[in-house]
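Chemist: Input file: structure06.cif. Contents: mmCIF, C-alpha atoms; chains and numbers go by the auth columns.
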data_run
loop_
_atom_site.group_PDB
_atom_site.id
_atom_site.type_symbol
_atom_site.label_atom_id
_atom_site.label_comp_id
_atom_site.label_asym_id
_atom_site.label_seq_id
_atom_site.Cartn_x
_atom_site.Cartn_y
_atom_site.Cartn_z
_atom_site.B_iso_or_equiv
_atom_site.auth_seq_id
_atom_site.auth_asym_id
ATOM 1 C CA MET A 1 4.072 8.834 -10.229 0.00 78 A
ATOM 2 C CA ARG A 2 0.725 9.336 -11.881 0.00 79 A
ATOM 3 C CA THR A 3 -2.796 9.896 -10.650 0.00 80 A
ATOM 4 C CA ILE A 4 -5.566 7.427 -11.463 0.00 81 A
ATOM 5 C CA GLN A 5 -9.198 6.815 -10.568 0.00 82 A
ATOM 6 C CA PHE A 6 -9.847 3.632 -8.603 0.00 83 A
ATOM 7 C CA ASP A 7 -12.570 2.440 -6.256 0.00 84 A
ATOM 8 C CA GLY A 8 -14.385 5.785 -6.286 0.00 85 A
ATOM 9 C CA GLY A 9 -11.355 7.920 -5.458 0.00 86 A
ATOM 10 C CA THR A 10 -8.280 9.636 -6.834 0.00 87 A
ATOM 11 C CA TRP A 11 -5.086 7.749 -6.118 0.00 88 A
ATOM 12 C CA SER A 12 -1.371 8.316 -6.593 0.00 89 A
ATOM 13 C CA LEU A 13 0.084 5.279 -8.336 0.00 90 A
ATOM 14 C CA LEU A 14 3.693 4.556 -7.484 0.00 91 A
ATOM 15 C CA GLU A 15 5.687 3.593 -10.561 0.00 92 A
ATOM 16 C CA GLU A 16 9.036 1.850 -11.022 0.00 93 A
ATOM 17 C CA ALA A 17 11.182 5.010 -10.884 0.00 94 A
ATOM 18 C CA ASP A 18 9.504 6.285 -7.702 0.00 95 A
ATOM 19 C CA PRO A 19 10.822 5.568 -4.197 0.00 96 A
ATOM 20 C CA GLY A 20 9.295 2.472 -2.650 0.00 97 A
ATOM 21 C CA ILE A 21 8.983 1.250 0.903 0.00 98 A
ATOM 22 C CA SER A 22 12.241 0.044 2.411 0.00 99 A
ATOM 23 C CA PRO A 23 13.903 -0.177 5.830 0.00 100 A
ATOM 24 C CA GLY A 24 14.528 3.339 7.100 0.00 101 A
ATOM 25 C CA SER A 25 11.473 4.662 5.264 0.00 102 A
ATOM 26 C CA ASP A 26 8.448 5.389 7.415 0.00 103 A
ATOM 27 C CA GLY A 27 6.203 6.435 4.532 0.00 104 A
ATOM 28 C CA THR A 28 6.442 10.182 5.147 0.00 105 A
ATOM 29 C CA GLU A 29 7.931 10.877 1.719 0.00 106 A
ATOM 30 C CA LEU A 30 5.172 8.840 0.061 0.00 107 A
ATOM 31 C CA ILE A 31 2.513 10.754 1.992 0.00 108 A
ATOM 32 C CA SER A 32 4.119 14.018 0.819 0.00 109 A
ATOM 33 C CA ILE A 33 3.678 12.827 -2.750 0.00 110 A
ATOM 34 C CA CYS A 34 -0.002 12.075 -2.082 0.00 111 A
ATOM 35 C CA MET A 35 -0.453 15.552 -0.617 0.00 112 A
ATOM 36 C CA SER A 36 1.196 17.255 -3.600 0.00 113 A
ATOM 37 C CA GLU A 37 -0.887 15.190 -6.048 0.00 114 A
ATOM 38 C CA GLY A 38 -4.120 15.932 -4.162 0.00 115 A
ATOM 39 C CA SER A 39 -4.936 12.234 -3.990 0.00 116 A
ATOM 40 C CA ASP A 40 -6.920 10.227 -1.450 0.00 117 A
ATOM 41 C CA GLY A 41 -4.145 7.716 -1.015 0.00 118 A
ATOM 42 C CA LEU A 42 -1.382 5.664 -2.565 0.00 119 A
ATOM 43 C CA ILE A 43 -1.371 2.479 -4.611 0.00 120 A
ATOM 44 C CA ILE A 44 1.878 0.543 -4.632 0.00 121 A
ATOM 45 C CA ASN A 45 2.774 -2.788 -6.177 0.00 122 A
ATOM 46 C CA LYS A 46 3.894 -5.439 -3.718 0.00 123 A
ATOM 47 C CA ASP A 47 7.104 -5.865 -5.738 0.00 124 A
ATOM 48 C CA HIS A 48 8.002 -2.228 -4.949 0.00 125 A
ATOM 49 C CA ILE A 49 8.092 -2.973 -1.215 0.00 126 A
ATOM 50 C CA HIS A 50 11.089 -4.397 0.644 0.00 127 A
ATOM 51 C CA PRO A 51 10.464 -7.960 1.938 0.00 128 A
ATOM 52 C CA ASP A 52 11.001 -6.748 5.538 0.00 129 A
ATOM 53 C CA PHE A 53 7.608 -5.032 5.275 0.00 130 A
ATOM 54 C CA PHE A 54 5.949 -8.449 5.113 0.00 131 A
ATOM 55 C CA ASP A 55 7.973 -9.820 8.041 0.00 132 A
ATOM 56 C CA LEU A 56 5.906 -8.348 10.862 0.00 133 A
ATOM 57 C CA LYS A 57 8.717 -8.844 13.390 0.00 134 A
ATOM 58 C CA THR A 58 10.701 -6.032 11.719 0.00 135 A
ATOM 59 C CA GLN A 59 7.888 -3.554 12.524 0.00 136 A
ATOM 60 C CA LEU A 60 8.400 -1.818 9.163 0.00 137 A
ATOM 61 C CA ALA A 61 4.768 -2.410 8.183 0.00 138 A
ATOM 62 C CA GLY A 62 3.543 -0.972 11.467 0.00 139 A
ATOM 63 C CA GLU A 63 5.670 2.160 11.139 0.00 140 A
ATOM 64 C CA VAL A 64 4.543 2.862 7.579 0.00 141 A
ATOM 65 C CA LEU A 65 0.884 2.076 8.170 0.00 142 A
ATOM 66 C CA GLN A 66 0.824 4.221 11.314 0.00 143 A
ATOM 67 C CA LYS A 67 2.046 7.210 9.278 0.00 144 A
ATOM 68 C CA PHE A 68 -0.663 6.715 6.662 0.00 145 A
ATOM 69 C CA SER A 69 -3.279 6.429 9.392 0.00 146 A
ATOM 70 C CA THR A 70 -1.992 9.484 11.272 0.00 147 A
ATOM 71 C CA TYR A 71 -2.092 11.658 8.144 0.00 148 A
ATOM 72 C CA GLY A 72 -5.479 10.310 7.049 0.00 149 A
ATOM 73 C CA TYR A 73 -4.322 8.713 3.793 0.00 150 A
ATOM 74 C CA LYS A 74 -5.257 5.304 2.492 0.00 151 A
ATOM 75 C CA LEU A 75 -2.843 2.720 1.147 0.00 152 A
ATOM 76 C CA ILE A 76 -3.520 -0.051 -1.339 0.00 153 A
ATOM 77 C CA ILE A 77 -0.895 -2.707 -1.911 0.00 154 A
ATOM 78 C CA ALA A 78 -1.487 -4.629 -5.149 0.00 155 A
ATOM 79 C CA GLY A 79 0.042 -8.053 -5.617 0.00 156 A
ATOM 80 C CA ASP A 80 -0.382 -11.764 -5.221 0.00 157 A
ATOM 81 C CA PHE A 81 -1.575 -12.380 -1.688 0.00 158 A
ATOM 82 C CA ASN A 82 -2.148 -16.113 -1.653 0.00 159 A
ATOM 83 C CA ARG A 83 -3.016 -16.839 1.957 0.00 160 A
ATOM 84 C CA ALA A 84 -1.984 -20.464 1.525 0.00 161 A
ATOM 85 C CA THR A 85 1.645 -19.386 1.098 0.00 162 A
ATOM 86 C CA MET A 86 1.718 -16.660 3.795 0.00 163 A
ATOM 87 C CA LYS A 87 2.717 -17.015 7.395 0.00 164 A
ATOM 88 C CA GLU A 88 -0.331 -17.169 9.641 0.00 165 A
ATOM 89 C CA SER A 89 0.447 -13.819 11.271 0.00 166 A
ATOM 90 C CA LEU A 90 0.747 -12.040 7.912 0.00 167 A
ATOM 91 C CA ALA A 91 -2.466 -13.644 6.628 0.00 168 A
ATOM 92 C CA ALA A 92 -4.284 -12.410 9.759 0.00 169 A
ATOM 93 C CA PHE A 93 -2.779 -8.934 9.292 0.00 170 A
ATOM 94 C CA VAL A 94 -3.929 -8.803 5.642 0.00 171 A
ATOM 95 C CA ARG A 95 -7.408 -10.024 6.565 0.00 172 A
ATOM 96 C CA GLU A 96 -7.790 -7.475 9.386 0.00 173 A
ATOM 97 C CA SER A 97 -6.415 -4.607 7.294 0.00 174 A
ATOM 98 C CA ASN A 98 -8.845 -5.388 4.483 0.00 175 A
ATOM 99 C CA ARG A 99 -11.728 -5.588 6.971 0.00 176 A
ATOM 100 C CA ILE A 100 -10.978 -2.118 8.356 0.00 177 A
ATOM 101 C CA GLY A 101 -10.336 -0.670 4.896 0.00 178 A
ATOM 102 C CA ASN A 102 -7.795 2.144 5.316 0.00 179 A
ATOM 103 C CA ILE A 103 -4.972 -0.182 4.314 0.00 180 A
ATOM 104 C CA ARG A 104 -5.966 -2.779 1.755 0.00 181 A
ATOM 105 C CA PHE A 105 -4.225 -5.647 0.045 0.00 182 A
ATOM 106 C CA VAL A 106 -5.732 -6.335 -3.389 0.00 183 A
ATOM 107 C CA ASN A 107 -5.118 -8.786 -6.188 0.00 184 A
ATOM 108 C CA ALA A 108 -2.938 -7.091 -8.818 0.00 185 A
ATOM 109 C CA GLU A 109 -5.025 -8.420 -11.707 0.00 186 A
ATOM 110 C CA LEU A 110 -8.243 -7.095 -10.142 0.00 187 A
ATOM 111 C CA PHE A 111 -6.575 -3.729 -9.680 0.00 188 A
ATOM 112 C CA LYS A 112 -5.367 -3.582 -13.299 0.00 189 A
ATOM 113 C CA SER A 113 -8.821 -4.367 -14.632 0.00 190 A
ATOM 114 C CA SER A 114 -10.533 -1.714 -12.444 0.00 191 A
ATOM 115 C CA ALA A 115 -8.117 1.252 -12.563 0.00 192 A
ATOM 116 C CA ARG A 116 -8.513 4.057 -15.092 0.00 193 A
ATOM 117 C CA GLU A 117 -6.586 7.198 -15.948 0.00 194 A
#
Mind converting the file's structure to structure tokens?

Modeler:
Amino acid sequence: MRTIQFDGGTWSLLEEADPGISPGSDGTELISICMSEGSDGLIINKDHIHPDFFDLKTQLAGEVLQKFSTYGYKLIIAGDFNRATMKESLAAFVRESNRIGNIRFVNAELFKSSARE
């Protein structure tokens, strides 16, 4: 894990060797990392998240996002979020999350071009 500057804040960036989001993980260990790094939130690549997260019926996304909200940390998920290929419920979830702003889904290329050490 490393700390970067992005979108006016200090963020913990989850890297390949770090634990991701998977069934049985509610995000608490990721929030602990944010706390120890002194960051405003976590940035994670979509590929580092188990597919169940994006299947809203599993409730994995809700559990993880609730933890981030409860502890006051933000979460950015970077990846390809082509709404044309998403289920309608997931597209609505992404749209609403981005509107509120605590949990955001961003284009990975946009993220790469804007992030700095």

Chemist: Taking into account all atoms listed in the file, which residue in the set A:Ile110, A:Gly178, A:Leu167, A:Thr87 is nearest to Lys134 in chain A?

Modeler: A:Leu167

Chemist: Once the PyMOL selection byres ((chain A and resi 137) around 12) is applied to the coordinates I shared, what remains selected? I want it as a list in words.

Modeler: Ile98, Ser99, Pro100, Gly101, Ser102, Asp103, Gly104, Ile126, His127, Pro128, Asp129, Phe130, Phe131, Asp132, Leu133, Lys134, Thr135, Gln136, Ala138, Gly139, Glu140, Val141, Leu142, Gln143 and Lys144 of chain A

Chemist: Could you dump the residues just selected with C-alpha atoms as an mmCIF file, keeping the file's coordinate frame?

Modeler:
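What landed in selection_15.cif:
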data_model
loop_
_atom_site.group_PDB
_atom_site.id
_atom_site.type_symbol
_atom_site.label_atom_id
_atom_site.label_comp_id
_atom_site.auth_asym_id
_atom_site.auth_seq_id
_atom_site.Cartn_x
_atom_site.Cartn_y
_atom_site.Cartn_z
ATOM 1 C CA ILE A 98 8.983 1.250 0.903
ATOM 2 C CA SER A 99 12.241 0.044 2.411
ATOM 3 C CA PRO A 100 13.903 -0.177 5.830
ATOM 4 C CA GLY A 101 14.528 3.339 7.100
ATOM 5 C CA SER A 102 11.473 4.662 5.264
ATOM 6 C CA ASP A 103 8.448 5.389 7.415
ATOM 7 C CA GLY A 104 6.203 6.435 4.532
ATOM 8 C CA ILE A 126 8.092 -2.973 -1.215
ATOM 9 C CA HIS A 127 11.089 -4.397 0.644
ATOM 10 C CA PRO A 128 10.464 -7.960 1.938
ATOM 11 C CA ASP A 129 11.001 -6.748 5.538
ATOM 12 C CA PHE A 130 7.608 -5.032 5.275
ATOM 13 C CA PHE A 131 5.949 -8.449 5.113
ATOM 14 C CA ASP A 132 7.973 -9.820 8.041
ATOM 15 C CA LEU A 133 5.906 -8.348 10.862
ATOM 16 C CA LYS A 134 8.717 -8.844 13.390
ATOM 17 C CA THR A 135 10.701 -6.032 11.719
ATOM 18 C CA GLN A 136 7.888 -3.554 12.524
ATOM 19 C CA ALA A 138 4.768 -2.410 8.183
ATOM 20 C CA GLY A 139 3.543 -0.972 11.467
ATOM 21 C CA GLU A 140 5.670 2.160 11.139
ATOM 22 C CA VAL A 141 4.543 2.862 7.579
ATOM 23 C CA LEU A 142 0.884 2.076 8.170
ATOM 24 C CA GLN A 143 0.824 4.221 11.314
ATOM 25 C CA LYS A 144 2.046 7.210 9.278
#

Chemist: Any chance you could work out the residue set of the PyMOL selection byres ((chain A and resi 153) around 10) here, as a list in words?

Modeler: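 Output from the PyMOL selection byres ((chain A and resi 153) around 10), applied to this file: Trp88, Leu90, Gly118, Leu119, Ile120, Ile121, Asn122, Lys123, Lys151, Leu152, Ile154, Ala155, Gly156, Asn175, Gly178, Asn179, Ile180, Arg181, Phe182, Val183 and Phe188 of chain A.
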
Chemist: Using the chain letters and numbers from the file, which residues does the PyMOL selection byres ((chain A and resi 157) around 7) grab, as a list in words?

Modeler: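 When the PyMOL selection byres ((chain A and resi 157) around 7) is applied, the selected residues are Gly156, Phe158, Asn159, Asn184 and Ala185 of chain A.
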
Chemist: Between CA of Arg160 in chain A and CA of Arg172 in chain A, what is the distance in Å, rounded to a tenth?

Modeler: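 For CA of Arg160 in chain A relative to CA of Arg172 in chain A, the distance reads 9.3 Å.
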
Chemist: Quick one: pull the distance between CA of Ser166 in chain A and CA of Tyr148 in chain A, Å, one decimal.

Modeler: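 CA of Tyr148 in chain A lies 25.8 Å from CA of Ser166 in chain A.
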
Chemist: Between A:Ile177, A:Cys111, A:Leu91, A:Ala161, which is the closest to Asp124 in chain A once you count only C-alpha atoms?

Modeler: A:Leu91

Chemist: Rounded to one decimal, what separation in Å do you get between CA of Glu93 in chain A and CA of Thr162 in chain A?

Modeler: 25.5 Å
